[in-house]
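Visitor: Starting off with a structure, shown below.
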Amino acid sequence: MRSVLIAEPAIPVATALRRFLESANYAVIVVSTAAEALREVRTSPPEVLLTSLSDSLDGETLCREVKQEAPELPVLLLYMPEEENPEERATAAGADACLVGPLKRTTLVTCVGLMLQLADTRAATRSTQAPAPAPAPESDDAAARRFGLEGPSSPDFDFLKRLLLMEVKRSRRYRYPIALLLMELDHLSERTAQLGSSQRTTLLAEMLGLLSGGVRDIDVIVPTTEGRFVAFFPHTPRVGAMVVAERMRQRVRTLARLPNMTVSMGLSVFEPSPVRGQTQVSFGNLMKDANEALRKAQAEGGDRVSFIEREVPSEEEEPSED
């Protein structure tokens with residue numbers, strides 16, 4: 001369980017933040033002063049620090065002090081709506097991201113998750129100096145990396161991979177449709193070239209919240225790398241998946257920080273049929289088809305959903321057990 005430290009003197013605000021994060025399975029510690037926060041950082045370092053600005057606690061100053069002692073610790077600054085220039089101030093304080101209230105659970109949880117992913121990326125980069133282990137036979141996780149889910153591991157991402165593997169097997173056995181959607185923001189590096197790292201993190205957190213708001217509770221959406229997301233839709237045939245994908249494509253255009261942002265999407269679907277041999281499906285096949293469809297959408301100019309039809313296997317072919 002990953003740990004979050006909240007430095008917030010207002011009890012109602014701290015209670016709401018704690019509730020949001022604990023509902024997402026984070027271990028949360030709450031303190032009310034900067035001195036208490038620094039003591040926690042020194043004695044029991046959390047994985048993320050959340051703090052705000054008030055008369056009794058200056059979150060920007062606390063952020064600077066924390067970064068001097070623990071520069072790798074991600075810090076999220078929270079601002080009231082009336083605060084001016086929150087992004088510039090957060091960047092100047094050294095924060096990794098900032099959010100402006102009133103906060104929704106999805107926005108807060110996704111932002112914290114992205115900050116942890118970025119921290120994991122930095123840690124993975126530092127660890128590459130160690131000797132590389134001997135190569136092992138390719139696993140399903142390796143197939144995920146080959147077919148467009150490369151990048152560091154995170155709790156949400158690991159959960160998605162396990163869910164996909166389980167649902168593929170279930171859909172083969174119980175014969176229900178499943179859909180996988182890979183999404184990549186178009187020209188993200190160009191459009192965010194002038195943004196600092198904290199601003200990009202906030203942007204991607206808002207994007208994930210926007211996408212999640214357009215799907216059912218049983219659907220799962222997680223980021224894989226910066227600007228790329230994967231969505232899984234159980235019990236969803238191709239027609240329904242295309243409707244959801246088009247709705248999500250339109251929602252991306254409403255992102256306030258980057259108006260008229262566009263996204264390319266690659267869709268793969270498994271729909272079982274009564275015909276013998278048509279239960280052929282695997283995790284690798286779904287990933288491969290979605291990745292090829294994504295590349296097709298990008299090659300055609302982006303801002304579209306692409307789908308590549310998989311050939312039906314012959315009647316003699318046995319179902320794959322990948």
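The chains in the structure tokens are called A, B, ... from first to last as shown; in each chain the residues are counted from 1, and the ligands are counted from 1 in the order shown.
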Based on the backbone DSSP call, show me all residues of range 193-239 of chain A assigned helix (DSSP H, G or I), as a list in words.
Guide: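 Output for range 193-239 of chain A, helix (DSSP H, G or I) only: Ser197, Ser198, Gln199, Arg200, Thr201, Thr202, Leu203, Leu204, Ala205, Glu206, Met207, Leu208, Gly209, Leu210, Leu211, Ser212, Arg238 and Val239 of chain A.
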Visitor: I need the chosen residues saved as a short mmCIF file (atom, residue, chain, number, x, y, z; two decimals), in the first residue's frame, with C-alpha atoms.
Guide:
data_model
loop_
_atom_site.label_atom_id
_atom_site.label_comp_id
_atom_site.auth_asym_id
_atom_site.auth_seq_id
_atom_site.Cartn_x
_atom_site.Cartn_y
_atom_site.Cartn_z
CA SER A 197 6.73 19.22 -15.35
CA SER A 198 4.17 20.05 -12.65
CA GLN A 199 1.85 21.61 -15.22
CA ARG A 200 2.11 18.55 -17.49
CA THR A 201 1.36 16.25 -14.57
CA THR A 202 -1.72 18.27 -13.66
CA LEU A 203 -2.81 18.30 -17.30
CA LEU A 204 -2.55 14.52 -17.63
CA ALA A 205 -4.36 14.00 -14.33
CA GLU A 206 -7.23 16.15 -15.58
CA MET A 207 -7.20 14.25 -18.87
CA LEU A 208 -7.49 10.91 -17.07
CA GLY A 209 -10.33 12.26 -14.96
CA LEU A 210 -12.06 13.51 -18.11
CA LEU A 211 -11.77 10.13 -19.82
CA SER A 212 -12.87 8.21 -16.72
CA ARG A 238 -17.64 -3.67 -31.17
CA VAL A 239 -20.67 -1.44 -31.78
#
Visitor: If you count only C-alpha atoms, which residues fall within 7 Å of range 183-194 of chain A, apart from same-chain ones fewer than 4 positions away, as a PyMOL selection string?
Guide: chain A and resi 227-230+262-266+302
Visitor: Grab the residues selected above and save them as a PDB file, in the first residue's frame with N, CA and C atoms.
Guide:
ATOM      1  N   GLY A 227       0.904  10.824 -21.966  1.00  0.00           N
ATOM      2  CA  GLY A 227       0.075  11.071 -23.132  1.00  0.00           C
ATOM      3  C   GLY A 227      -0.582   9.841 -23.710  1.00  0.00           C
ATOM      4  N   ARG A 228      -0.319   8.670 -23.135  1.00  0.00           N
ATOM      5  CA  ARG A 228      -0.922   7.440 -23.650  1.00  0.00           C
ATOM      6  C   ARG A 228      -1.712   6.761 -22.535  1.00  0.00           C
ATOM      7  N   PHE A 229      -2.908   6.274 -22.906  1.00  0.00           N
ATOM      8  CA  PHE A 229      -3.799   5.623 -21.961  1.00  0.00           C
ATOM      9  C   PHE A 229      -4.317   4.326 -22.580  1.00  0.00           C
ATOM     10  N   VAL A 230      -4.702   3.409 -21.707  1.00  0.00           N
ATOM     11  CA  VAL A 230      -5.330   2.171 -22.166  1.00  0.00           C
ATOM     12  C   VAL A 230      -6.633   1.997 -21.396  1.00  0.00           C
ATOM     13  N   THR A 262      -6.704  16.834 -29.460  1.00  0.00           N
ATOM     14  CA  THR A 262      -7.220  15.666 -30.159  1.00  0.00           C
ATOM     15  C   THR A 262      -6.482  14.414 -29.707  1.00  0.00           C
ATOM     16  N   VAL A 263      -7.072  13.267 -30.008  1.00  0.00           N
ATOM     17  CA  VAL A 263      -6.510  11.999 -29.570  1.00  0.00           C
ATOM     18  C   VAL A 263      -6.718  10.958 -30.670  1.00  0.00           C
ATOM     19  N   SER A 264      -5.733  10.096 -30.849  1.00  0.00           N
ATOM     20  CA  SER A 264      -5.849   8.958 -31.753  1.00  0.00           C
ATOM     21  C   SER A 264      -6.151   7.717 -30.930  1.00  0.00           C
ATOM     22  N   MET A 265      -7.014   6.846 -31.471  1.00  0.00           N
ATOM     23  CA  MET A 265      -7.447   5.673 -30.733  1.00  0.00           C
ATOM     24  C   MET A 265      -7.383   4.425 -31.598  1.00  0.00           C
ATOM     25  N   GLY A 266      -6.912   3.335 -30.992  1.00  0.00           N
ATOM     26  CA  GLY A 266      -6.900   2.048 -31.663  1.00  0.00           C
ATOM     27  C   GLY A 266      -7.716   1.052 -30.871  1.00  0.00           C
ATOM     28  N   GLY A 302      -4.655  11.340 -37.299  1.00  0.00           N
ATOM     29  CA  GLY A 302      -5.056  11.461 -35.906  1.00  0.00           C
ATOM     30  C   GLY A 302      -6.486  11.923 -35.735  1.00  0.00           C
TER      31      GLY A 302
END
Visitor: Provide the CA of Ser282 in chain A to CA of Val168 in chain A distance in Å, to one decimal place.
Guide: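 We find that CA of Ser282 in chain A and CA of Val168 in chain A lie 6.5 Å from each other.
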Visitor: List the neighbours of Val4 in chain A out to 9 Å using only C-alpha atoms; skip same-chain residues closer than 6 positions along the sequence, and give me the result as a PDB file with C-alpha atoms, in the first residue's frame.
Guide:
ATOM      1  CA  LEU A  21      -7.313   8.692  -0.966  1.00  0.00           C
ATOM      2  CA  TYR A  26      -3.645   4.652  -0.099  1.00  0.00           C
ATOM      3  CA  ALA A  27      -2.247   4.695   3.431  1.00  0.00           C
ATOM      4  CA  VAL A  28      -2.829   8.260   4.655  1.00  0.00           C
ATOM      5  CA  ILE A  29      -1.283  10.258   7.500  1.00  0.00           C
ATOM      6  CA  VAL A  30      -2.654  13.718   8.316  1.00  0.00           C
ATOM      7  CA  PRO A  46       5.787   9.123   2.648  1.00  0.00           C
ATOM      8  CA  GLU A  47       5.656   8.524  -1.100  1.00  0.00           C
ATOM      9  CA  VAL A  48       3.660  11.708  -1.802  1.00  0.00           C
ATOM     10  CA  LEU A  49       3.091  14.932   0.153  1.00  0.00           C
ATOM     11  CA  LEU A  50      -0.116  16.968  -0.233  1.00  0.00           C
ATOM     12  CA  VAL A 112      -1.538  11.311  -7.137  1.00  0.00           C
TER      13      VAL A 112
END
Visitor: Based on DSSP run over this structure's backbone, return all residues of range 29-276 of chain A in strand (DSSP E), as JSON, numbers by chain.
Guide: {"A": [29, 30, 31, 48, 49, 50, 51, 52, 75, 76, 77, 78, 79, 97, 98, 99, 100, 178, 179, 180, 181, 182, 183, 184, 185, 220, 221, 222, 223, 224, 225, 228, 229, 230, 231, 232, 233, 234, 263, 264, 265, 266, 267, 268, 269, 270]}
Visitor: Could you give me, as a list in words, the residues within 9 Å of Met242 in chain A, counting only C-alpha atoms and dropping anything in the same chain fewer than 5 positions from it?
Guide: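 In the requested format, the answer is Pro237, Arg247, Leu267, Val305 and Phe307 of chain A.
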Visitor: Only all heavy atoms, please: the residues just picked out, written as a tab-separated table (two decimals), in the first residue's frame.
Guide:
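That gives us selection23.tsv:
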chain	number	residue	atom	x	y	z
A	237	PRO	N	-19.45	-5.29	-26.94
A	237	PRO	CA	-19.18	-5.64	-28.33
A	237	PRO	C	-18.61	-4.46	-29.10
A	237	PRO	O	-18.50	-3.34	-28.58
A	237	PRO	CB	-20.57	-6.02	-28.86
A	237	PRO	CG	-21.51	-5.19	-28.03
A	237	PRO	CD	-20.87	-5.09	-26.67
A	247	ARG	N	-17.33	8.95	-28.01
A	247	ARG	CA	-17.70	9.87	-26.93
A	247	ARG	C	-16.46	10.37	-26.20
A	247	ARG	O	-16.34	11.56	-25.89
A	247	ARG	CB	-18.65	9.18	-25.97
A	247	ARG	CG	-19.11	10.09	-24.82
A	247	ARG	CD	-20.25	9.48	-24.04
A	247	ARG	NE	-19.83	8.29	-23.31
A	247	ARG	CZ	-20.40	7.11	-23.43
A	247	ARG	NH1	-21.40	6.93	-24.28
A	247	ARG	NH2	-19.98	6.08	-22.71
A	267	LEU	N	-8.71	0.45	-31.51
A	267	LEU	CA	-9.66	-0.43	-30.83
A	267	LEU	C	-9.48	-1.88	-31.27
A	267	LEU	O	-9.31	-2.16	-32.47
A	267	LEU	CB	-11.09	0.02	-31.13
A	267	LEU	CG	-12.23	-0.83	-30.57
A	267	LEU	CD1	-12.27	-0.74	-29.05
A	267	LEU	CD2	-13.57	-0.38	-31.16
A	305	VAL	N	-10.89	7.21	-34.41
A	305	VAL	CA	-10.86	5.87	-33.85
A	305	VAL	C	-10.69	4.89	-34.99
A	305	VAL	O	-11.42	4.94	-35.98
A	305	VAL	CB	-12.17	5.55	-33.08
A	305	VAL	CG1	-12.07	4.16	-32.45
A	305	VAL	CG2	-12.46	6.60	-32.04
A	307	PHE	N	-10.15	0.75	-36.23
A	307	PHE	CA	-10.39	-0.64	-35.84
A	307	PHE	C	-9.89	-1.55	-36.95
A	307	PHE	O	-10.16	-1.31	-38.13
A	307	PHE	CB	-11.88	-0.87	-35.60
A	307	PHE	CG	-12.24	-2.31	-35.29
A	307	PHE	CD1	-12.09	-2.82	-34.02
A	307	PHE	CD2	-12.72	-3.15	-36.29
A	307	PHE	CE1	-12.42	-4.14	-33.73
A	307	PHE	CE2	-13.05	-4.46	-36.02
A	307	PHE	CZ	-12.90	-4.96	-34.73
Visitor: So which residues touch Ser268 in chain A within 12 Å, counting only C-alpha atoms, skipping near sequence neighbours fewer than 6 positions away, as a PyMOL selection string?
Guide: chain A and resi 177-183+230-233+236-239+241-242+245+281-294+305-310
Visitor: Mind giving me the straight-line distance from CA of Val222 in chain A to CA of Leu164 in chain A in Å, one decimal?
Guide: 12.4 Å
Visitor: Kindly provide the residues of range 88-119 of chain A that approach range 70-79 of chain A to within 10 Å, each paired with its closest atom pair and their distance in Å to one decimal, based on only C-alpha atoms, listed by chain and increasing number, as a tab-separated table.
Guide:
residue	atom	partner	partner_atom	distance
A:Arg89	CA	A:Leu77	CA	9.5
A:Ala90	CA	A:Leu77	CA	6.6
A:Thr91	CA	A:Leu77	CA	9.8
A:Ala93	CA	A:Leu77	CA	9.3
A:Gly94	CA	A:Val75	CA	8.2
A:Ala95	CA	A:Val75	CA	5.1
A:Asp96	CA	A:Val75	CA	5.4
A:Ala97	CA	A:Leu76	CA	5.0
A:Cys98	CA	A:Leu77	CA	4.6
A:Leu99	CA	A:Leu78	CA	5.1
A:Val100	CA	A:Tyr79	CA	4.7
A:Gly101	CA	A:Tyr79	CA	6.2
A:Pro102	CA	A:Tyr79	CA	8.9
A:Leu103	CA	A:Leu78	CA	9.0
A:Leu108	CA	A:Leu76	CA	9.7
A:Cys111	CA	A:Leu76	CA	8.6
A:Val112	CA	A:Leu76	CA	7.8
A:Met115	CA	A:Pro74	CA	6.5
A:Leu116	CA	A:Pro74	CA	7.5
A:Leu118	CA	A:Pro74	CA	8.8
A:Ala119	CA	A:Pro74	CA	7.1
